[in-house]
Amino acid sequence: MKLTIHKVSTQTEALIPVATSGVKAGFPSPAQDYMGDEIDLNKEIVRHKEATFYVRVEGDSMQEAGIFDQDLAVVDKSLEPRDGDFVIAFIDGEFTIKQFQIDKSGEFGWLVPWNDHFHRIKVTADDRFLIWGVVTHVLHTLRHK
C-alpha cells in the first residue's frame, strides 16, 4: 500500500457554521434549523500540531473499517499506540495503515487489515518495525465529482 504524507498547516482557519443541536439519524426535527457559532476544523481534529500529519490512503485493505482509497487520515505521531488503535506502521521497508493488536502473550503484535482479501501481518522482534503514528480521524468524500 502506498501512502502520501502531508504536513499539517494550521496557519489559516477553516471556519464552518455548525448547528447548535445534534443531527438526528432518525426522523428530522424542524427545531434543528438553527445555526449557531462556527467551528475551526483545524482545532477540532489537530491536537498536537507539530506532530500531526495528513496521510493520503491508497488501497482497499481497510475498507471494512470505513477507511477507503483516497481518504485522508489524520495521524498524530506524539500518541503512544494502544491495542486496537489504527496506525501508520513502517514494516520491512514499507508504510501501511492497519489496526494494531497486541498478542495475548505480549511477545509480538499484529497489523490487522479490515478486508478479507488481505492477511494479518505478524510483527516480531526480527522485523524492521515502527509505528509511525496513530490515526485519530479519517476524512472521506461521500459525493464524488
# chains A, B, ... in the order shown; residues from 1 in each chain; ligands from 1

$ residues_around --residues "His140 of chain A" --least-positions-apart "2" --cutoff "10 Å" --atoms "only C-alpha atoms" --output "list in words"
Gly66, Ile67, Phe68, Asp69, Gln70, Asp71, Leu72, Ala73, Val138, Leu142, Arg143 and His144 of chain A

$ write_last_selection --atoms "N, CA, C and O atoms" --output "PDB file, in the first residue's frame"
ATOM      1  N   GLY A  66     -14.174   1.442   7.194  1.00  0.00           N
ATOM      2  CA  GLY A  66     -14.599   2.760   6.731  1.00  0.00           C
ATOM      3  C   GLY A  66     -13.449   3.637   6.290  1.00  0.00           C
ATOM      4  O   GLY A  66     -13.593   4.856   6.204  1.00  0.00           O
ATOM      5  N   ILE A  67     -12.289   3.042   6.017  1.00  0.00           N
ATOM      6  CA  ILE A  67     -11.126   3.775   5.514  1.00  0.00           C
ATOM      7  C   ILE A  67     -10.935   3.333   4.065  1.00  0.00           C
ATOM      8  O   ILE A  67     -10.611   2.176   3.808  1.00  0.00           O
ATOM      9  N   PHE A  68     -11.152   4.257   3.143  1.00  0.00           N
ATOM     10  CA  PHE A  68     -11.200   3.925   1.728  1.00  0.00           C
ATOM     11  C   PHE A  68     -10.036   4.530   0.949  1.00  0.00           C
ATOM     12  O   PHE A  68      -9.386   5.473   1.409  1.00  0.00           O
ATOM     13  N   ASP A  69      -9.826   3.994  -0.248  1.00  0.00           N
ATOM     14  CA  ASP A  69      -8.834   4.512  -1.172  1.00  0.00           C
ATOM     15  C   ASP A  69      -9.066   6.012  -1.374  1.00  0.00           C
ATOM     16  O   ASP A  69     -10.199   6.456  -1.585  1.00  0.00           O
ATOM     17  N   GLN A  70      -8.018   6.797  -1.262  1.00  0.00           N
ATOM     18  CA  GLN A  70      -8.007   8.253  -1.430  1.00  0.00           C
ATOM     19  C   GLN A  70      -8.525   9.026  -0.216  1.00  0.00           C
ATOM     20  O   GLN A  70      -8.619  10.257  -0.260  1.00  0.00           O
ATOM     21  N   ASP A  71      -8.874   8.350   0.882  1.00  0.00           N
ATOM     22  CA  ASP A  71      -9.232   9.062   2.110  1.00  0.00           C
ATOM     23  C   ASP A  71      -8.015   9.794   2.657  1.00  0.00           C
ATOM     24  O   ASP A  71      -6.871   9.455   2.351  1.00  0.00           O
ATOM     25  N   LEU A  72      -8.281  10.798   3.492  1.00  0.00           N
ATOM     26  CA  LEU A  72      -7.218  11.479   4.231  1.00  0.00           C
ATOM     27  C   LEU A  72      -7.279  11.009   5.675  1.00  0.00           C
ATOM     28  O   LEU A  72      -8.305  11.155   6.333  1.00  0.00           O
ATOM     29  N   ALA A  73      -6.184  10.430   6.136  1.00  0.00           N
ATOM     30  CA  ALA A  73      -6.080  10.039   7.536  1.00  0.00           C
ATOM     31  C   ALA A  73      -5.331  11.134   8.278  1.00  0.00           C
ATOM     32  O   ALA A  73      -4.322  11.649   7.785  1.00  0.00           O
ATOM     33  N   VAL A 138     -10.386  10.102  10.107  1.00  0.00           N
ATOM     34  CA  VAL A 138     -10.318   9.797   8.686  1.00  0.00           C
ATOM     35  C   VAL A 138     -11.387  10.612   7.974  1.00  0.00           C
ATOM     36  O   VAL A 138     -12.544  10.655   8.402  1.00  0.00           O
ATOM     37  N   LEU A 142     -18.098  11.649   0.398  1.00  0.00           N
ATOM     38  CA  LEU A 142     -19.325  10.889   0.171  1.00  0.00           C
ATOM     39  C   LEU A 142     -19.902  11.172  -1.205  1.00  0.00           C
ATOM     40  O   LEU A 142     -20.551  10.332  -1.789  1.00  0.00           O
ATOM     41  N   ARG A 143     -19.652  12.372  -1.705  1.00  0.00           N
ATOM     42  CA  ARG A 143     -20.157  12.750  -3.022  1.00  0.00           C
ATOM     43  C   ARG A 143     -18.986  13.050  -3.940  1.00  0.00           C
ATOM     44  O   ARG A 143     -18.287  14.052  -3.773  1.00  0.00           O
ATOM     45  N   HIS A 144     -18.762  12.171  -4.858  1.00  0.00           N
ATOM     46  CA  HIS A 144     -17.621  12.338  -5.757  1.00  0.00           C
ATOM     47  C   HIS A 144     -17.983  13.248  -6.918  1.00  0.00           C
ATOM     48  O   HIS A 144     -19.156  13.400  -7.274  1.00  0.00           O
TER      49      HIS A 144
END

$ closest_atom_pairs --of "segment 53-77 of chain A" --to "segment 82-92 of chain A" --cutoff "10 Å" --atoms "only C-alpha atoms" --output "Markdown table"
| residue | atom | partner | partner_atom | distance |
| --- | --- | --- | --- | --- |
| A:Val55 | CA | A:Ile88 | CA | 8.8 |
| A:Met62 | CA | A:Phe86 | CA | 9.8 |
| A:Ala65 | CA | A:Phe86 | CA | 9.6 |
| A:Ala73 | CA | A:Ile88 | CA | 9.3 |
| A:Val75 | CA | A:Ile88 | CA | 7.6 |
| A:Asp76 | CA | A:Val87 | CA | 9.3 |
| A:Lys77 | CA | A:Ile88 | CA | 9.2 |

$ closest_residue --among "A:Asp40, A:Glu64, A:Glu58, A:Glu50" --to "Val112 of chain A" --atoms "only C-alpha atoms"
A:Glu64

$ atom_distance --atom1 "atom CA of Thr52 of chain A" --atom2 "atom CA of Glu80 of chain A"
13.3 Å

$ closest_residue --among "A:Asn115, A:Ser78, A:Gln101, A:Thr96" --to "Val134 of chain A" --atoms "only C-alpha atoms"
A:Ser78

$ atom_distance --atom1 "atom CA of Gly59 of chain A" --atom2 "atom CA of Gly93 of chain A"
17.4 Å

$ select_by_dssp --residues "segment 14-133 of chain A" --states "strand (DSSP E or B)" --output "VMD selection string"
chain A and resid 15 to 19 35 to 40 52 to 57 72 to 76 86 to 91 94 to 102 109 to 112 121 to 123 129 to 133

$ closest_residue --among "A:Arg56, A:Lys145, A:Arg47, A:Lys98" --to "Trp114 of chain A" --atoms "only C-alpha atoms"
A:Lys98

$ atom_distance --atom1 "atom CA of Pro81 of chain A" --atom2 "atom CA of Phe100 of chain A"
8.0 Å
